[in-house]
file run.txt (compact mmCIF, C-alpha atoms and all ligand atoms)
# COMPACT_ATOMS: atom_id res chain seq x y z
CA MET A 1441 15.99 37.26 3.57
CA THR A 1442 18.03 40.22 4.85
CA GLN A 1443 21.53 39.06 5.68
CA LEU A 1444 22.11 40.15 9.27
CA ALA A 1445 24.54 37.43 10.25
CA SER A 1446 27.67 38.75 11.91
CA ASP A 1447 31.14 38.09 10.51
CA GLN A 1448 31.62 35.54 13.27
CA GLU A 1449 28.37 33.77 12.32
CA ASN A 1450 29.32 33.81 8.65
CA ALA A 1451 32.68 32.29 9.48
CA PHE A 1452 30.88 29.63 11.55
CA LEU A 1453 28.47 28.90 8.69
CA HIS A 1454 31.39 28.09 6.41
CA GLN A 1455 32.17 25.15 8.69
CA ILE A 1456 28.59 23.81 8.74
CA ALA A 1457 27.34 22.39 5.45
CA GLU A 1458 23.66 22.12 4.57
CA LEU A 1459 22.43 18.72 5.73
CA HIS A 1460 22.09 15.89 3.21
CA PRO A 1461 21.95 12.61 5.18
CA SER A 1462 22.98 9.46 3.31
CA TYR A 1463 20.29 7.14 2.04
CA ARG A 1464 20.70 3.92 4.00
CA LEU A 1465 18.81 0.68 3.92
CA LEU A 1466 18.15 0.18 7.61
CA HIS A 1467 18.46 -3.53 8.29
CA GLY A 1468 19.70 -3.39 11.83
CA PRO A 1469 17.48 -4.07 14.83
CA GLY A 1470 15.52 -0.86 14.19
CA PRO A 1471 14.84 1.83 13.20
CA CYS A 1472 13.78 0.58 9.79
CA ASN A 1473 13.06 2.61 6.68
CA VAL A 1474 9.50 3.83 6.70
CA ASP A 1475 6.96 3.84 3.90
CA PRO A 1476 7.41 7.03 1.80
CA HIS A 1477 3.91 8.15 2.73
CA VAL A 1478 4.69 7.81 6.44
CA LEU A 1479 7.78 9.95 5.88
CA GLY A 1480 5.86 12.44 3.76
CA ILE A 1481 2.98 12.93 6.17
CA SER A 1482 5.47 13.44 8.99
CA SER A 1483 6.54 16.67 7.31
CA ALA A 1484 2.97 18.03 6.97
CA PRO A 1485 2.37 21.40 8.69
CA GLN A 1486 2.48 21.14 12.46
CA LEU A 1487 -0.54 21.42 14.70
CA GLY A 1488 -0.26 22.73 18.23
CA HIS A 1489 -0.40 20.08 20.93
CA MET A 1490 -3.67 21.55 22.30
CA ASP A 1491 -5.35 22.11 18.93
CA PRO A 1492 -8.70 20.24 18.86
CA GLU A 1493 -7.77 18.83 15.46
CA PHE A 1494 -4.65 17.35 17.02
CA THR A 1495 -6.33 16.03 20.15
CA ASP A 1496 -8.92 14.32 17.92
CA LEU A 1497 -5.98 12.77 16.10
CA LEU A 1498 -4.55 11.53 19.42
CA GLU A 1499 -7.84 9.78 20.18
CA GLU A 1500 -7.94 8.19 16.73
CA THR A 1501 -4.30 7.11 17.05
CA ALA A 1502 -5.11 5.50 20.41
CA GLU A 1503 -7.98 3.65 18.71
CA LEU A 1504 -5.63 2.40 15.99
CA LEU A 1505 -3.17 1.32 18.67
CA ARG A 1506 -5.92 -0.64 20.44
CA HIS A 1507 -6.42 -2.57 17.24
CA VAL A 1508 -2.72 -3.30 16.78
CA PHE A 1509 -2.28 -4.26 20.45
CA GLN A 1510 -5.53 -6.28 20.11
CA THR A 1511 -6.98 -4.73 23.23
CA GLU A 1512 -9.92 -2.75 24.49
CA ASN A 1513 -7.85 -1.08 27.20
CA ASP A 1514 -8.89 2.53 27.83
CA LEU A 1515 -5.39 3.40 28.90
CA THR A 1516 -3.72 3.13 25.52
CA LEU A 1517 -1.49 6.00 24.44
CA CYS A 1518 2.04 6.97 23.46
CA ILE A 1519 4.85 8.24 25.63
CA SER A 1520 6.85 10.92 23.82
CA GLY A 1521 10.12 9.03 23.77
CA SER A 1522 11.71 5.85 22.43
CA GLY A 1523 10.91 2.26 23.48
CA PHE A 1524 12.70 2.46 26.81
CA SER A 1525 10.56 5.45 27.79
CA GLY A 1526 7.61 3.04 27.51
CA ALA A 1527 9.44 0.63 29.83
CA GLU A 1528 10.21 3.40 32.34
CA ALA A 1529 6.64 4.67 32.23
CA VAL A 1530 5.01 1.28 32.79
CA LEU A 1531 7.42 0.22 35.51
CA CYS A 1532 7.55 3.48 37.43
CA ASN A 1533 3.74 3.58 37.56
CA LEU A 1534 3.33 -0.04 38.67
CA LEU A 1535 6.25 -0.35 41.07
CA GLU A 1536 6.94 1.40 44.36
CA VAL A 1537 10.05 1.32 46.53
CA GLY A 1538 10.42 -2.13 48.08
CA ASP A 1539 8.04 -3.95 45.69
CA THR A 1540 9.29 -7.20 44.20
CA ILE A 1541 9.54 -7.80 40.47
CA ILE A 1542 10.67 -10.99 38.73
CA VAL A 1543 12.39 -10.26 35.43
CA GLY A 1544 12.73 -12.76 32.60
CA ASN A 1545 16.10 -11.48 31.44
CA LEU A 1546 16.56 -12.92 27.94
CA GLY A 1547 19.39 -10.65 26.85
CA PHE A 1548 20.38 -7.00 26.68
CA PHE A 1549 16.94 -5.44 26.17
CA SER A 1550 14.78 -7.34 28.63
CA GLY A 1551 17.88 -7.15 30.84
CA GLN A 1552 17.43 -3.38 31.06
CA ILE A 1553 14.18 -3.98 32.94
CA VAL A 1554 16.43 -5.06 35.83
CA ASP A 1555 18.23 -1.71 35.81
CA ILE A 1556 15.04 0.32 35.42
CA ALA A 1557 13.30 -1.52 38.30
CA GLN A 1558 16.37 -1.19 40.55
CA ARG A 1559 16.47 2.57 39.94
CA ILE A 1560 12.82 2.72 41.03
CA GLY A 1561 13.88 1.05 44.28
CA ALA A 1562 12.20 -2.30 43.65
CA HIS A 1563 13.58 -5.62 44.81
CA VAL A 1564 14.54 -7.44 41.59
CA VAL A 1565 14.67 -11.18 41.05
CA ASN A 1566 16.76 -11.50 37.90
CA LEU A 1567 16.15 -14.73 35.97
CA GLN A 1568 18.82 -14.67 33.30
CA THR A 1569 18.64 -17.18 30.44
CA GLU A 1570 21.48 -18.56 28.39
CA LEU A 1571 21.79 -16.23 25.37
CA GLY A 1572 19.52 -17.32 22.53
CA LYS A 1573 17.50 -19.67 24.72
CA PRO A 1574 13.96 -19.03 26.00
CA LEU A 1575 13.01 -18.66 29.64
CA ASP A 1576 12.00 -21.96 31.22
CA ALA A 1577 8.60 -21.76 32.92
CA ALA A 1578 9.76 -24.10 35.73
CA ILE A 1579 12.41 -21.55 36.75
CA VAL A 1580 9.77 -18.83 36.88
CA GLU A 1581 7.49 -21.04 38.97
CA GLN A 1582 10.33 -21.68 41.40
CA ALA A 1583 11.12 -17.95 41.67
CA PHE A 1584 7.48 -17.20 42.50
CA ASN A 1585 7.49 -19.95 45.14
CA GLU A 1586 10.62 -18.48 46.72
CA HIS A 1587 9.21 -14.93 46.75
CA PRO A 1588 5.66 -15.03 48.04
CA VAL A 1589 4.75 -11.39 47.41
CA VAL A 1590 5.62 -10.47 43.86
CA LYS A 1591 3.95 -7.47 42.25
CA VAL A 1592 5.15 -7.76 38.66
CA PHE A 1593 6.62 -10.33 36.31
CA ALA A 1594 8.17 -8.72 33.22
CA THR A 1595 9.92 -10.00 30.13
CA ALA A 1596 10.05 -9.41 26.36
CA ILE A 1597 8.12 -11.23 23.66
CA ALA A 1598 10.87 -10.42 21.14
CA GLU A 1599 14.41 -10.13 22.52
CA THR A 1600 16.27 -8.22 19.85
CA SER A 1601 19.82 -8.88 21.13
CA THR A 1602 19.51 -12.64 20.55
CA GLY A 1603 16.67 -12.89 18.00
CA LEU A 1604 14.48 -14.79 20.44
CA LEU A 1605 10.71 -15.19 20.30
CA GLN A 1606 9.69 -15.93 23.88
CA PRO A 1607 6.54 -18.06 24.34
CA LEU A 1608 4.27 -16.31 26.84
CA ALA A 1609 1.39 -18.67 27.68
CA GLU A 1610 3.00 -20.61 30.56
CA LEU A 1611 4.63 -17.49 31.98
CA GLU A 1612 1.24 -15.75 32.02
CA ARG A 1613 -0.43 -18.69 33.74
CA ILE A 1614 2.21 -18.80 36.49
CA THR A 1615 2.23 -15.02 36.97
CA HIS A 1616 -1.52 -14.80 37.40
CA ALA A 1617 -1.65 -17.91 39.59
CA HIS A 1618 0.58 -15.91 41.95
CA ASN A 1619 -1.55 -12.81 41.60
CA ALA A 1620 1.16 -10.66 40.01
CA LEU A 1621 0.93 -8.37 36.98
CA PHE A 1622 2.09 -9.71 33.63
CA VAL A 1623 4.15 -7.03 31.83
CA ILE A 1624 5.52 -7.48 28.31
CA ASP A 1625 8.13 -5.55 26.34
CA ALA A 1626 6.87 -5.60 22.74
CA VAL A 1627 9.23 -2.90 21.46
CA CYS A 1628 10.38 -5.18 18.70
CA GLY A 1629 7.41 -7.52 18.42
CA LEU A 1630 4.37 -5.27 17.99
CA GLY A 1631 3.12 -5.26 14.41
CA GLY A 1632 5.56 -8.01 13.41
CA VAL A 1633 4.87 -11.13 15.48
CA PRO A 1634 1.55 -12.52 16.73
CA LEU A 1635 0.55 -10.64 19.86
CA ALA A 1636 -2.91 -10.10 21.32
CA VAL A 1637 -2.82 -8.21 24.60
CA ASP A 1638 -6.33 -9.08 25.82
CA ALA A 1639 -6.41 -12.71 24.66
CA GLN A 1640 -2.93 -13.34 26.12
CA ARG A 1641 -3.99 -11.65 29.37
CA ILE A 1642 -1.11 -9.17 29.33
CA ASP A 1643 -1.70 -6.54 32.03
CA ALA A 1644 0.70 -3.95 30.63
CA CYS A 1645 2.59 -3.80 27.36
CA TYR A 1646 4.93 -1.25 25.82
CA SER A 1647 6.43 -0.84 22.37
CA GLY A 1648 8.37 1.54 20.11
CA SER A 1649 7.27 3.29 16.94
CA GLN A 1650 10.41 2.63 14.88
CA LYS A 1651 10.42 -1.12 14.41
CA CYS A 1652 7.63 -3.35 13.12
CA LEU A 1653 5.09 -0.55 13.50
CA GLY A 1654 6.92 1.13 10.63
CA ALA A 1655 7.01 4.72 11.90
CA LEU A 1656 9.77 7.14 12.89
CA PRO A 1657 11.51 6.74 16.27
CA GLY A 1658 10.24 8.92 19.10
CA LEU A 1659 6.97 7.43 20.32
CA ALA A 1660 6.44 4.54 22.72
CA PRO A 1661 2.92 3.04 22.60
CA VAL A 1662 1.78 1.63 25.95
CA THR A 1663 -1.38 -0.12 27.03
CA LEU A 1664 -2.55 -1.10 30.54
CA ASN A 1665 -5.66 -2.99 31.54
CA GLU A 1666 -8.08 -2.28 34.40
CA ARG A 1667 -6.13 -4.50 36.77
CA ALA A 1668 -2.92 -2.58 36.18
CA VAL A 1669 -4.74 0.75 36.40
CA ARG A 1670 -6.20 -0.30 39.77
CA VAL A 1671 -2.68 -1.01 41.04
CA ILE A 1672 -1.66 2.50 39.99
CA LYS A 1673 -4.72 4.07 41.65
CA GLU A 1674 -3.96 2.20 44.89
CA ARG A 1675 -0.33 3.34 45.13
CA ARG A 1676 0.82 4.41 48.59
CA THR A 1677 3.08 7.05 47.05
CA ALA A 1678 2.84 9.40 44.07
CA VAL A 1679 4.49 8.24 40.84
CA GLN A 1680 7.98 9.70 41.16
CA SER A 1681 8.08 10.89 37.53
CA TYR A 1682 5.98 13.83 36.39
CA TYR A 1683 6.66 13.10 32.72
CA PHE A 1684 5.70 9.42 32.88
CA ASP A 1685 2.64 9.74 35.13
CA LEU A 1686 0.24 7.59 33.13
CA GLN A 1687 -2.94 8.90 34.74
CA ASN A 1688 -2.07 12.46 33.71
CA LEU A 1689 -1.01 11.28 30.27
CA GLN A 1690 -4.31 9.46 29.94
CA ARG A 1691 -6.18 12.72 30.59
CA TYR A 1692 -4.15 14.40 27.84
CA TRP A 1693 -4.55 11.58 25.26
CA ASN A 1694 -7.98 10.17 25.96
CA GLY A 1695 -9.70 12.42 28.48
CA ASP A 1696 -10.31 16.18 28.58
CA HIS A 1697 -6.94 16.77 26.83
CA ALA A 1698 -5.61 18.83 29.72
CA TYR A 1699 -2.06 19.97 29.06
CA HIS A 1700 0.61 17.52 30.10
CA HIS A 1701 3.54 18.13 27.73
CA THR A 1702 4.17 19.34 24.19
CA ALA A 1703 3.56 16.26 22.06
CA SER A 1704 5.01 16.27 18.53
CA SER A 1705 2.19 16.44 15.99
CA ASN A 1706 4.54 15.36 13.20
CA LEU A 1707 5.57 12.14 14.93
CA VAL A 1708 1.92 11.37 15.62
CA TYR A 1709 0.98 11.97 11.94
CA GLY A 1710 3.58 9.40 10.91
CA LEU A 1711 2.50 6.85 13.49
CA HIS A 1712 -1.16 7.36 12.62
CA GLU A 1713 -0.41 6.64 8.98
CA SER A 1714 1.76 3.60 9.73
CA LEU A 1715 -0.98 2.18 11.97
CA ARG A 1716 -3.60 2.89 9.32
CA GLN A 1717 -1.43 0.98 6.85
CA ILE A 1718 -1.26 -1.95 9.27
CA VAL A 1719 -5.05 -2.11 9.40
CA GLU A 1720 -5.15 -1.85 5.60
CA GLU A 1721 -2.68 -4.74 5.25
CA GLY A 1722 -4.40 -6.79 7.97
CA LEU A 1723 -2.61 -7.60 11.21
CA GLU A 1724 -2.46 -11.34 10.59
CA ALA A 1725 -1.33 -10.86 6.99
CA ARG A 1726 1.43 -8.63 8.34
CA TRP A 1727 2.61 -11.29 10.79
CA VAL A 1728 2.63 -13.82 7.91
CA ARG A 1729 4.60 -11.41 5.71
CA HIS A 1730 7.27 -10.95 8.39
CA GLN A 1731 7.47 -14.73 8.88
CA LEU A 1732 7.88 -15.41 5.15
CA HIS A 1733 10.73 -12.93 4.63
CA GLY A 1734 12.41 -13.94 7.89
CA ASP A 1735 12.31 -17.59 6.76
CA ALA A 1736 13.75 -16.72 3.35
CA LEU A 1737 16.58 -14.73 4.92
CA LYS A 1738 17.45 -17.55 7.32
CA ALA A 1739 17.43 -20.10 4.50
CA GLY A 1740 19.88 -17.93 2.55
CA ILE A 1741 22.15 -17.50 5.55
CA LYS A 1742 22.24 -21.22 6.26
CA ALA A 1743 23.03 -21.87 2.58
CA MET A 1744 26.17 -19.78 3.10
CA GLY A 1745 27.27 -22.23 5.79
CA LEU A 1746 26.44 -19.89 8.66
CA SER A 1747 24.27 -20.67 11.66
CA ILE A 1748 21.59 -18.84 13.62
CA LEU A 1749 22.40 -18.09 17.26
CA THR A 1750 18.85 -18.55 18.51
CA GLN A 1751 17.66 -21.96 19.66
CA PRO A 1752 15.75 -23.65 16.81
CA GLY A 1753 12.01 -23.25 17.21
CA TYR A 1754 12.37 -19.88 18.99
CA GLU A 1755 13.78 -17.73 16.19
CA LEU A 1756 12.22 -14.34 15.65
CA SER A 1757 10.98 -13.69 12.14
CA VAL A 1758 11.69 -9.97 12.33
CA LEU A 1759 15.28 -10.14 13.57
CA THR A 1760 17.78 -12.78 12.50
CA THR A 1761 20.98 -13.43 14.44
CA ILE A 1762 23.96 -14.82 12.53
CA SER A 1763 26.70 -16.52 14.58
CA LEU A 1764 30.09 -15.74 13.06
CA PRO A 1765 32.74 -18.44 12.85
CA GLU A 1766 36.10 -17.87 14.61
CA GLY A 1767 38.25 -15.41 12.64
CA VAL A 1768 35.41 -13.77 10.71
CA ASP A 1769 35.46 -10.08 11.58
CA GLU A 1770 32.01 -8.70 12.53
CA LEU A 1771 33.12 -5.09 12.39
CA ALA A 1772 34.69 -5.48 8.93
CA ILE A 1773 31.48 -7.04 7.60
CA ARG A 1774 29.30 -4.28 8.99
CA ARG A 1775 31.70 -1.62 7.74
CA SER A 1776 31.56 -3.09 4.21
CA PHE A 1777 27.76 -3.23 4.34
CA LEU A 1778 27.68 0.46 5.21
CA THR A 1779 30.40 1.81 2.95
CA GLU A 1780 29.94 -0.42 -0.11
CA TYR A 1781 26.16 -0.90 -0.03
CA ASN A 1782 24.74 1.84 2.23
CA ILE A 1783 23.14 -0.91 4.31
CA GLU A 1784 23.07 -0.81 8.09
CA ILE A 1785 23.04 -4.11 9.97
CA GLY A 1786 23.55 -4.72 13.70
CA GLY A 1787 26.32 -6.39 15.69
CA GLY A 1788 26.35 -8.30 18.97
CA PHE A 1789 26.01 -6.92 22.51
CA GLY A 1790 28.14 -7.77 25.56
CA SER A 1791 29.65 -11.26 25.32
CA LEU A 1792 28.29 -11.54 21.74
CA LYS A 1793 30.22 -8.45 20.60
CA GLY A 1794 32.35 -9.33 17.58
CA ARG A 1795 30.66 -12.73 17.19
CA LEU A 1796 27.22 -11.89 15.89
CA LEU A 1797 25.41 -10.08 13.10
CA ARG A 1798 21.81 -9.00 13.59
CA VAL A 1799 19.63 -8.40 10.55
CA GLY A 1800 16.22 -6.83 10.98
CA LEU A 1801 13.35 -7.23 8.53
CA MET A 1802 10.72 -4.95 9.95
CA GLY A 1803 7.69 -3.09 8.64
CA TYR A 1804 8.28 -1.51 5.21
CA ASN A 1805 11.64 -3.29 4.92
CA ALA A 1806 10.22 -6.81 5.25
CA CYS A 1807 10.07 -7.55 1.52
CA ARG A 1808 11.72 -9.85 -1.00
CA ARG A 1809 13.68 -7.08 -2.72
CA ASN A 1810 15.45 -6.30 0.55
CA VAL A 1811 16.02 -9.94 1.52
CA ASP A 1812 17.71 -10.54 -1.84
CA THR A 1813 19.75 -7.33 -1.52
CA VAL A 1814 21.04 -8.23 1.95
CA LEU A 1815 21.88 -11.80 0.93
CA ALA A 1816 23.65 -10.68 -2.26
CA ALA A 1817 25.70 -8.13 -0.31
CA LEU A 1818 26.58 -10.69 2.35
CA GLU A 1819 27.61 -13.22 -0.29
CA HIS A 1820 29.94 -10.62 -1.78
CA ILE A 1821 31.36 -9.37 1.52
CA LEU A 1822 31.93 -12.66 3.38
CA PRO A 1823 34.83 -13.97 1.23
CA GLU A 1824 36.65 -10.62 1.80
CA CYS A 1825 36.24 -11.21 5.53
CA GLY A 1826 37.53 -14.75 5.73
CA TRP A 1827 34.49 -16.93 4.93
CA SER A 1828 34.06 -18.57 1.54
CA VAL A 1829 30.61 -19.18 0.13
CA THR A 1830 29.13 -21.00 -2.86
CA PRO A 1831 28.11 -18.23 -5.29
CA GLY A 1832 24.35 -18.06 -5.79
CA ALA A 1833 23.51 -20.57 -3.05
CA ALA A 1834 21.95 -18.00 -0.71
CA LEU A 1835 19.55 -16.53 -3.27
CA THR A 1836 18.62 -20.00 -4.52
CA ALA A 1837 17.77 -21.09 -0.97
CA ALA A 1838 15.73 -17.94 -0.35
CA ASP A 1839 13.95 -18.43 -3.65
CA ALA A 1840 12.97 -21.96 -2.58
CA VAL A 1841 11.22 -20.47 0.46
CA TYR A 1842 9.32 -18.01 -1.73
CA ARG A 1843 8.20 -20.86 -4.00
CA ARG A 1844 6.92 -23.02 -1.11
C1 LIG B 1901 13.17 -5.61 22.86
C2 LIG B 1901 13.59 -4.18 23.01
N1 LIG B 1901 13.27 -3.51 24.13
C3 LIG B 1901 13.61 -2.23 24.31
C4 LIG B 1901 14.32 -1.54 23.35
C5 LIG B 1901 14.69 -0.12 23.57
O1 LIG B 1901 14.03 0.69 22.64
P1 LIG B 1901 14.56 2.16 22.28
O2 LIG B 1901 15.95 1.99 21.74
O3 LIG B 1901 13.58 2.61 21.28
O4 LIG B 1901 14.53 2.95 23.54
C6 LIG B 1901 14.69 -2.19 22.17
C7 LIG B 1901 15.47 -1.49 21.13
O5 LIG B 1901 16.08 -2.07 20.26
C8 LIG B 1901 14.30 -3.53 21.99
O6 LIG B 1901 14.62 -4.20 20.88

call {"tool": "encode", "arguments": {"input": "run.txt", "output": "structure tokens"}}
result
Amino acid sequence: MTQLASDQENAFLHQIAELHPSYRLLHGPGPCNVDPHVLGISSAPQLGHMDPEFTDLLEETAELLRHVFQTENDLTLCISGSGFSGAEAVLCNLLEVGDTIIVGNLGFFSGQIVDIAQRIGAHVVNLQTELGKPLDAAIVEQAFNEHPVVKVFATAIAETSTGLLQPLAELERITHAHNALFVIDAVCGLGGVPLAVDAQRIDACYSGSQKCLGALPGLAPVTLNERAVRVIKERRTAVQSYYFDLQNLQRYWNGDHAYHHTASSNLVYGLHESLRQIVEEGLEARWVRHQLHGDALKAGIKAMGLSILTQPGYELSVLTTISLPEGVDELAIRRSFLTEYNIEIGGGFGSLKGRLLRVGLMGYNACRRNVDTVLAALEHILPECGWSVTPGAALTAADAVYRR
């Protein structure tokens, strides 16, 4: 290439090294490492966002998503954005100024639904649970009785800040008995924990590509049933966001492919491949795999004398929360994981900051090799950070789970 850079540009270049990101094992709450083939296909040559080959791929990706969501919903597509863009899209299409929404606020992530709905101008009934505990159906019933005209009830199936798996059946029954829409955040759950949108009568559901779906961050799958679509069609006012207007997005993804925005072909290639791999593995087999490795990790953690924050019986397989005893430094542990082992793990949010570790086992990373690696690293790091452990106990306990 002819060198036409100016002296100033050359001087600038000396300060900017060629990029070589570190190789990390991503065991935080997501993103997770993706299968090498997902990564590889994501760097295949781009297609234009209006290319018929690409729009065919969008339709096929939507079909794969229907399988993973376990739905026949026509309106199934991806928002170009991370998980919260899915939340914004669903909520800003369903809610109008002055509408009432009841939010099952289980922690930081489902808690953001409160903020998103308030920004839309909705009246929000915020049902906040004790951290690590599920939402009690009786409290939801009472909130519906106190607010006769509720348009939406929303919560998360998998609350990543506290490692909680929220049972949905009773919440769905109450929501529909009061004629509201049942909206579920499955950013962390989809592809990792049992979820069947149609069978569980979920009216709208959103997710993120970077967690249990095993793809790169940047796409937010959403699905809405006929009931939810009817609510959108009957809006008194236009959806206030051009970018998140689901009816226009539906035309682009599943209709005549009229231009809406410049979707990234490379992100879609990766998601397509990760979804194809999910079908190849089998959805139920995948849920079982996540459960097995989550159980083994928890057994190892308990064998080190540590406890799980989440209420027993409601622990997520895909994200394990470790309560740290007084005096054990969360930041020092996470720093050692990163600098000594190139492993990323998560810390606590809000009042749990400094008191909690969060370890994700999602998608490609939910495997025995990684469980053993994380436990071995933790066993080595903990004594340096003020917590003594019995050498070998964690791996022995995990091994017992694998032998069950
Ligand atoms: C349950 C849940 N909801 C929403 C989000 C937000 O997703 P994103 O960070 O991809 O916008 C997350 C991210 O961790 C999450 O775990």

call {"tool": "residues_around", "arguments": {"input": "run.txt", "residues": "Glu1528 in chain A", "least_positions_apart": "3", "cutoff": "8 Å", "atoms": "all atoms listed in the file", "output": "list of chain:residue names"}}
result
A:Phe1524, A:Ser1525, A:Leu1531, A:Cys1532, A:Ile1556, A:Phe1684

call {"tool": "residues_around", "arguments": {"input": "run.txt", "residues": "range 1816-1827 of chain A", "least_positions_apart": "5", "cutoff": "10 Å", "atoms": "all atoms listed in the file", "output": "PDB file with C-alpha atoms, in the frame of the given file"}}
result
ATOM      1  CA  GLY A1740      19.880 -17.930   2.550  1.00  0.00           C
ATOM      2  CA  ILE A1741      22.150 -17.500   5.550  1.00  0.00           C
ATOM      3  CA  MET A1744      26.170 -19.780   3.100  1.00  0.00           C
ATOM      4  CA  GLY A1745      27.270 -22.230   5.790  1.00  0.00           C
ATOM      5  CA  LEU A1746      26.440 -19.890   8.660  1.00  0.00           C
ATOM      6  CA  LEU A1764      30.090 -15.740  13.060  1.00  0.00           C
ATOM      7  CA  PRO A1765      32.740 -18.440  12.850  1.00  0.00           C
ATOM      8  CA  GLU A1766      36.100 -17.870  14.610  1.00  0.00           C
ATOM      9  CA  GLY A1767      38.250 -15.410  12.640  1.00  0.00           C
ATOM     10  CA  VAL A1768      35.410 -13.770  10.710  1.00  0.00           C
ATOM     11  CA  ASP A1769      35.460 -10.080  11.580  1.00  0.00           C
ATOM     12  CA  GLU A1770      32.010  -8.700  12.530  1.00  0.00           C
ATOM     13  CA  LEU A1771      33.120  -5.090  12.390  1.00  0.00           C
ATOM     14  CA  ALA A1772      34.690  -5.480   8.930  1.00  0.00           C
ATOM     15  CA  ILE A1773      31.480  -7.040   7.600  1.00  0.00           C
ATOM     16  CA  ARG A1774      29.300  -4.280   8.990  1.00  0.00           C
ATOM     17  CA  ARG A1775      31.700  -1.620   7.740  1.00  0.00           C
ATOM     18  CA  SER A1776      31.560  -3.090   4.210  1.00  0.00           C
ATOM     19  CA  PHE A1777      27.760  -3.230   4.340  1.00  0.00           C
ATOM     20  CA  GLU A1780      29.940  -0.420  -0.110  1.00  0.00           C
ATOM     21  CA  TYR A1781      26.160  -0.900  -0.030  1.00  0.00           C
ATOM     22  CA  ILE A1783      23.140  -0.910   4.310  1.00  0.00           C
ATOM     23  CA  ASN A1810      15.450  -6.300   0.550  1.00  0.00           C
ATOM     24  CA  VAL A1811      16.020  -9.940   1.520  1.00  0.00           C
ATOM     25  CA  GLY A1832      24.350 -18.060  -5.790  1.00  0.00           C
ATOM     26  CA  ALA A1833      23.510 -20.570  -3.050  1.00  0.00           C
ATOM     27  CA  ALA A1834      21.950 -18.000  -0.710  1.00  0.00           C
ATOM     28  CA  LEU A1835      19.550 -16.530  -3.270  1.00  0.00           C
TER      29      LEU A1835
END

call {"tool": "residues_near_ligand", "arguments": {"input": "run.txt", "ligand": "ligand LIG 1901 (chain B)", "cutoff": "8 Å", "atoms": "all atoms listed in the file", "output": "short mmCIF file (atom, residue, chain, number, x, y, z; two decimals) with C-alpha atoms, in the frame of the given file"}}
result
data_model
loop_
_atom_site.label_atom_id
_atom_site.label_comp_id
_atom_site.auth_asym_id
_atom_site.auth_seq_id
_atom_site.Cartn_x
_atom_site.Cartn_y
_atom_site.Cartn_z
CA PRO A 1469 17.48 -4.07 14.83
CA GLY A 1470 15.52 -0.86 14.19
CA GLY A 1521 10.12 9.03 23.77
CA SER A 1522 11.71 5.85 22.43
CA GLY A 1523 10.91 2.26 23.48
CA PHE A 1524 12.70 2.46 26.81
CA SER A 1525 10.56 5.45 27.79
CA GLY A 1526 7.61 3.04 27.51
CA ALA A 1527 9.44 0.63 29.83
CA PHE A 1549 16.94 -5.44 26.17
CA SER A 1550 14.78 -7.34 28.63
CA GLN A 1552 17.43 -3.38 31.06
CA ALA A 1596 10.05 -9.41 26.36
CA ILE A 1597 8.12 -11.23 23.66
CA ALA A 1598 10.87 -10.42 21.14
CA GLU A 1599 14.41 -10.13 22.52
CA THR A 1600 16.27 -8.22 19.85
CA SER A 1601 19.82 -8.88 21.13
CA ASP A 1625 8.13 -5.55 26.34
CA ALA A 1626 6.87 -5.60 22.74
CA VAL A 1627 9.23 -2.90 21.46
CA CYS A 1628 10.38 -5.18 18.70
CA GLY A 1629 7.41 -7.52 18.42
CA SER A 1647 6.43 -0.84 22.37
CA GLY A 1648 8.37 1.54 20.11
CA SER A 1649 7.27 3.29 16.94
CA GLN A 1650 10.41 2.63 14.88
CA PRO A 1657 11.51 6.74 16.27
CA GLY A 1658 10.24 8.92 19.10
CA ALA A 1660 6.44 4.54 22.72
#

call {"tool": "atom_distance", "arguments": {"input": "run.txt", "atom1": "CA of Asn1619 in chain A", "atom2": "CA of Glu1674 in chain A"}}
result
15.6 Å

call {"tool": "closest_residue", "arguments": {"input": "run.txt", "among": "A:Thr1836, A:Asn1665, A:Gln1687, A:Thr1602", "to": "Leu1759 in chain A", "atoms": "all atoms listed in the file"}}
result
A:Thr1602

call {"tool": "residues_near_point", "arguments": {"input": "run.txt", "point": "(11.7, -21.4, 18.7)", "cutoff": "9 Å", "atoms": "all atoms listed in the file", "output": "NGL selection string"}}
result
:A and (1573-1574 or 1604-1607 or 1750-1756)

call {"tool": "atom_distance", "arguments": {"input": "run.txt", "atom1": "CA of Pro1634 in chain A", "atom2": "CA of Gly1480 in chain A"}}
result
28.5 Å

call {"tool": "closest_residue", "arguments": {"input": "run.txt", "among": "A:Gly1710, A:Asn1513, A:Thr1595, A:Leu1801", "to": "Thr1813 in chain A", "atoms": "only C-alpha atoms"}}
result
A:Leu1801
